[in-house]
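Q: You'll find input_14.cif just under this line, and it carries mmCIF, C-alpha atoms.
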data_work
loop_
_atom_site.label_atom_id
_atom_site.label_comp_id
_atom_site.auth_asym_id
_atom_site.auth_seq_id
_atom_site.Cartn_x
_atom_site.Cartn_y
_atom_site.Cartn_z
CA GLN A 1 -10.85 -5.95 13.25
CA LYS A 2 -7.53 -4.25 12.77
CA GLU A 3 -7.90 -0.53 12.15
CA VAL A 4 -5.51 2.21 11.22
CA GLU A 5 -6.75 5.78 11.48
CA GLN A 6 -5.41 8.96 9.95
CA ASN A 7 -6.81 12.45 9.48
CA SER A 8 -7.82 12.69 5.84
CA GLY A 9 -6.75 16.31 5.56
CA PRO A 10 -5.97 18.18 3.54
CA LEU A 11 -3.16 19.36 5.76
CA SER A 12 -1.75 22.60 4.41
CA VAL A 13 1.65 23.91 5.49
CA PRO A 14 3.79 26.71 4.08
CA GLU A 15 7.01 25.88 2.31
CA GLY A 16 9.86 25.44 4.77
CA ALA A 17 7.61 24.53 7.69
CA ILE A 18 7.38 21.20 9.52
CA ALA A 19 4.53 18.95 8.45
CA SER A 20 3.27 16.56 11.11
CA LEU A 21 1.28 13.52 10.05
CA ASN A 22 -0.36 11.29 12.61
CA CYS A 23 -1.62 7.73 12.70
CA THR A 24 -3.23 5.56 15.36
CA TYR A 25 -3.79 1.82 15.27
CA SER A 26 -6.02 -0.55 17.16
CA ASP A 27 -4.06 -3.82 17.34
CA ARG A 28 -1.61 -3.77 20.27
CA GLY A 29 0.23 -6.71 18.76
CA SER A 30 1.33 -4.67 15.76
CA GLN A 31 5.06 -4.77 15.31
CA SER A 32 6.05 -2.93 12.15
CA PHE A 33 5.02 0.53 11.05
CA PHE A 34 5.48 2.07 7.64
CA TRP A 35 4.95 5.40 5.95
CA TYR A 36 4.23 5.57 2.24
CA ARG A 37 3.93 8.58 -0.03
CA GLN A 38 1.52 8.44 -2.95
CA TYR A 39 1.43 11.07 -5.63
CA SER A 40 -1.79 11.43 -7.57
CA GLY A 41 -2.05 8.73 -10.21
CA LYS A 42 1.01 6.88 -8.92
CA SER A 43 1.53 3.85 -6.72
CA PRO A 44 2.62 4.11 -3.08
CA GLU A 45 6.32 4.64 -2.45
CA LEU A 46 7.92 3.54 0.82
CA ILE A 47 9.44 6.44 2.77
CA MET A 48 10.31 4.95 6.13
CA PHE A 49 9.64 2.11 8.50
CA ILE A 50 10.02 1.90 12.25
CA TYR A 51 9.89 -1.06 14.63
CA SER A 52 10.99 0.33 18.01
CA ASN A 53 9.62 3.01 20.28
CA GLY A 54 11.21 6.40 19.80
CA ASP A 55 12.37 8.38 16.83
CA LYS A 56 13.99 7.34 13.57
CA GLU A 57 15.42 9.96 11.28
CA ASP A 58 16.17 9.77 7.57
CA GLY A 59 17.06 13.07 5.93
CA ARG A 60 14.14 15.47 6.28
CA PHE A 61 11.86 12.71 7.56
CA THR A 62 11.46 11.57 11.17
CA ALA A 63 9.18 8.71 12.18
CA GLN A 64 8.05 8.56 15.79
CA LEU A 65 6.54 5.50 17.45
CA ASN A 66 4.79 5.20 20.80
CA LYS A 67 3.46 1.67 21.22
CA ALA A 68 1.91 2.40 24.61
CA SER A 69 -0.28 5.05 23.02
CA GLN A 70 -0.62 3.07 19.76
CA TYR A 71 0.51 6.11 17.87
CA VAL A 72 2.96 6.65 15.03
CA SER A 73 3.78 9.93 13.35
CA LEU A 74 5.82 11.29 10.47
CA LEU A 75 7.50 14.67 10.59
CA ILE A 76 8.68 16.32 7.41
CA ARG A 77 11.13 19.15 8.02
CA ASP A 78 11.69 22.00 5.58
CA SER A 79 8.59 20.98 3.61
CA GLN A 80 8.78 21.48 -0.14
CA PRO A 81 5.98 21.76 -2.70
CA SER A 82 7.23 18.43 -4.07
CA ASP A 83 6.21 16.85 -0.75
CA SER A 84 2.56 17.50 -1.63
CA ALA A 85 1.03 14.05 -1.81
CA THR A 86 -1.09 11.61 0.16
CA TYR A 87 0.75 9.92 3.00
CA LEU A 88 -0.35 6.43 3.97
CA CYS A 89 0.37 4.84 7.31
CA ALA A 90 0.62 1.04 7.29
CA VAL A 91 0.80 -1.36 10.20
CA ALA A 92 1.92 -4.98 10.09
CA LEU A 93 1.40 -7.76 12.58
CA TYR A 94 4.30 -10.22 12.76
CA GLY A 95 5.38 -8.92 9.34
CA GLN A 96 2.36 -10.47 7.72
CA ASN A 97 -0.53 -8.56 6.24
CA PHE A 98 -0.12 -4.84 6.03
CA VAL A 99 -3.15 -2.78 7.04
CA PHE A 100 -3.28 0.68 5.52
CA GLY A 101 -4.87 3.82 6.89
CA PRO A 102 -7.03 6.05 4.71
CA GLY A 103 -4.17 8.47 4.09
CA THR A 104 -3.59 12.14 4.81
CA ARG A 105 -3.42 14.57 1.93
CA LEU A 106 -0.59 17.06 2.42
CA SER A 107 -0.39 20.32 0.53
CA VAL A 108 2.79 22.39 0.82
CA LEU A 109 2.13 25.95 -0.25
CA PRO A 110 4.92 27.87 -1.99
CA SER B 111 14.45 -2.35 -2.84
CA ALA B 112 12.47 -4.43 -5.30
CA VAL B 113 11.33 -3.48 -8.78
CA ILE B 114 7.86 -4.75 -9.54
CA SER B 115 6.58 -4.78 -13.11
CA GLN B 116 2.88 -4.92 -13.69
CA LYS B 117 0.97 -5.18 -16.92
CA PRO B 118 -1.25 -3.96 -18.35
CA SER B 119 -0.83 -0.49 -16.87
CA ARG B 120 -4.38 0.35 -17.90
CA ASP B 121 -7.24 -1.16 -19.83
CA ILE B 122 -10.81 -0.45 -20.78
CA CYS B 123 -13.03 -3.51 -20.71
CA GLN B 124 -16.59 -4.44 -21.47
CA ARG B 125 -19.00 -5.63 -18.83
CA GLY B 126 -18.99 -9.41 -18.44
CA THR B 127 -15.46 -9.97 -19.69
CA SER B 128 -12.38 -10.98 -17.68
CA LEU B 129 -8.92 -9.46 -17.50
CA THR B 130 -5.68 -10.94 -16.18
CA ILE B 131 -3.04 -8.71 -14.65
CA GLN B 132 0.53 -9.94 -14.48
CA CYS B 133 3.13 -9.07 -11.86
CA GLN B 134 6.86 -9.81 -12.02
CA VAL B 135 9.35 -9.01 -9.26
CA ASP B 136 13.05 -8.62 -9.93
CA SER B 137 14.39 -9.90 -6.61
CA GLN B 138 13.82 -12.40 -3.86
CA VAL B 139 10.54 -11.88 -2.07
CA THR B 140 8.73 -13.80 0.60
CA MET B 141 5.16 -12.73 0.14
CA MET B 142 3.14 -11.24 -2.70
CA PHE B 143 -0.13 -9.43 -2.30
CA TRP B 144 -2.84 -7.93 -4.47
CA TYR B 145 -4.52 -4.68 -3.43
CA ARG B 146 -7.34 -2.64 -4.86
CA GLN B 147 -7.52 1.13 -4.66
CA GLN B 148 -10.78 2.75 -5.67
CA PRO B 149 -10.82 6.43 -6.62
CA GLY B 150 -10.01 8.64 -3.66
CA GLN B 151 -9.75 5.66 -1.34
CA SER B 152 -6.95 3.88 0.47
CA LEU B 153 -5.65 0.42 -0.25
CA THR B 154 -7.77 -2.66 0.33
CA LEU B 155 -6.09 -6.03 0.46
CA ILE B 156 -7.69 -8.53 -1.90
CA ALA B 157 -5.55 -11.56 -1.16
CA THR B 158 -2.15 -12.98 -0.38
CA ALA B 159 -0.73 -14.90 -3.34
CA ASN B 160 0.76 -18.18 -2.10
CA GLN B 161 3.38 -19.94 -4.15
CA GLY B 162 2.06 -23.17 -5.59
CA SER B 163 -1.20 -23.15 -3.66
CA GLU B 164 -4.50 -21.33 -3.42
CA ALA B 165 -4.41 -17.68 -2.48
CA THR B 166 -5.63 -16.47 0.90
CA TYR B 167 -8.54 -14.10 0.38
CA GLU B 168 -9.69 -11.27 2.62
CA SER B 169 -13.26 -10.86 3.70
CA GLY B 170 -15.41 -9.73 0.81
CA PHE B 171 -13.21 -11.20 -1.92
CA VAL B 172 -13.68 -14.67 -3.40
CA ILE B 173 -11.69 -16.91 -5.65
CA ASP B 174 -14.36 -17.16 -8.33
CA LYS B 175 -14.28 -13.40 -8.83
CA PHE B 176 -10.54 -12.83 -8.32
CA PRO B 177 -8.60 -15.99 -9.18
CA ILE B 178 -4.92 -15.60 -8.35
CA SER B 179 -1.94 -17.67 -9.34
CA ARG B 180 1.65 -17.66 -8.13
CA PRO B 181 3.53 -20.40 -9.94
CA ASN B 182 6.93 -19.30 -8.63
CA LEU B 183 8.51 -16.96 -6.09
CA THR B 184 8.60 -13.86 -8.27
CA PHE B 185 5.54 -14.02 -10.53
CA SER B 186 1.83 -13.73 -9.88
CA THR B 187 -1.36 -13.05 -11.79
CA LEU B 188 -4.73 -11.64 -10.74
CA THR B 189 -7.79 -12.16 -12.88
CA VAL B 190 -10.84 -9.95 -12.49
CA SER B 191 -13.71 -12.11 -13.72
CA ASN B 192 -17.10 -11.25 -15.13
CA MET B 193 -16.39 -7.57 -14.72
CA SER B 194 -18.93 -4.91 -13.88
CA PRO B 195 -18.51 -1.12 -13.64
CA GLU B 196 -18.05 -1.53 -9.87
CA ASP B 197 -14.76 -3.30 -10.59
CA SER B 198 -13.33 -0.12 -12.09
CA SER B 199 -10.34 0.54 -9.90
CA ILE B 200 -6.58 0.46 -9.66
CA TYR B 201 -5.19 -2.97 -8.90
CA LEU B 202 -1.79 -3.05 -7.27
CA CYS B 203 0.64 -5.90 -6.96
CA SER B 204 2.98 -5.76 -3.98
CA ALA B 205 5.79 -7.87 -2.60
CA LYS B 206 7.59 -8.16 0.68
CA THR B 207 11.34 -8.49 0.31
CA THR B 208 13.18 -11.39 1.87
CA LEU B 209 16.06 -9.31 3.16
CA THR B 210 14.35 -6.34 4.82
CA GLY B 211 10.66 -7.24 5.07
CA GLU B 212 9.69 -4.01 3.37
CA LEU B 213 6.61 -3.92 1.16
CA PHE B 214 6.96 -2.51 -2.34
CA PHE B 215 4.35 -1.83 -4.98
CA GLY B 216 4.08 -2.15 -8.70
CA GLU B 217 2.91 0.80 -10.77
CA GLY B 218 -0.65 -0.44 -10.71
CA SER B 219 -3.17 -1.45 -13.34
CA ARG B 220 -5.97 1.06 -13.90
CA LEU B 221 -9.05 -0.81 -14.98
CA THR B 222 -12.16 0.85 -16.42
CA VAL B 223 -15.24 -1.28 -17.03
CA LEU B 224 -17.91 0.10 -19.33
#
Take the structure in the file and write it out as structure tokens.

A:
Amino acid sequence: QKEVEQNSGPLSVPEGAIASLNCTYSDRGSQSFFWYRQYSGKSPELIMFIYSNGDKEDGRFTAQLNKASQYVSLLIRDSQPSDSATYLCAVALYGQNFVFGPGTRLSVLP
Amino acid sequence: SAVISQKPSRDICQRGTSLTIQCQVDSQVTMMFWYRQQPGQSLTLIATANQGSEATYESGFVIDKFPISRPNLTFSTLTVSNMSPEDSSIYLCSAKTTLTGELFFGEGSRLTVL
């Protein structure tokens, strides 16, 4: 059974701080890792994906992957109130089915 | 990226009826999927829509309840059959792009069964 775990939150950070969102997965064969943002009442929106160990940066977002520890994280720098949303971690095996975690609710306080 | 159009965006249905949700993608995709998201929950994969053949269903989902068609590369339908209040949920169509392998979602269809 493939599992993806996330803290449900809510994670509250002050505006301008770094938000750190974490995700662990059970299947060592997983190859692709994705972060989605979902605003209330909206569908998930892809933020970033990462395939290789290490860091990948895109604007204020940095994804970090450690396959040995089966751990992937998303850092959001200079957090804004508009970043308040649920963040979903998804893991794919050989690019096939995507398994989603339960999501972490982030609240950025002005 | 891919633009995925889903309709209806929402509907209110009576118990025992069926509803078909349509999904159209604007670009080349390899795989199409149907997810369900119940209130306050994460995404649960219902099935993979296979072009020209029967869909591949996940554990707990069956063809009689959720028949799926995919007559061509960019179009798929999901039918929710013989609905009960437990089927009230958001149903999301998604597609994996050919070029990048990223998974994109439609806007979802919010279904309420009375």

Q: Suppose you want the space between atom CA of B:Thr184 and atom CA of B:Tyr201; what is it in Å?

A: 17.6 Å

Q: What is the atom CA of A:Ser52 to atom CA of B:Ser204 distance in Å?

A: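 Computing it gives 24.2 Å between the two atoms.
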
Q: Mind listing as a ChimeraX atom specification all residues within 12 Å of (13.3, -9.0, 4.2), counting only C-alpha atoms?

A: /A:95-96 /B:111-112,137-141,205-214

Q: Find the residue from B:Pro149, B:Leu224, B:Trp144, B:Ile200 that sits nearest to B:Leu188; use only C-alpha atoms when measuring.

A: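 Looking at the shortest contact to B:Leu188, the residue is B:Trp144.
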
Q: Could you write out as a list in words the residues of chain A within 9 Å of chain B, counting all atoms listed in the file?

A: Phe34, Lys42, Ser43, Pro44, Glu45, Leu46, Phe49, Leu88, Gly95, Gln96, Asn97, Phe98, Val99, Phe100, Gly101, Pro102 and Gly103 of chain A

Q: Restricting the calculation to only C-alpha atoms: of B:Ser186, B:Ser179, B:Ser169, B:Ser163, which residue gets closest to B:Lys117?

A: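 Result for the nearest residue to B:Lys117: B:Ser186.
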
Q: Write out as a ChimeraX atom specification the residues lying within 9 Å of A:Ile50, counting all atoms listed in the file and excluding same-chain residues fewer than 5 positions away.

A: /A:31-35,55-56,63-65,72
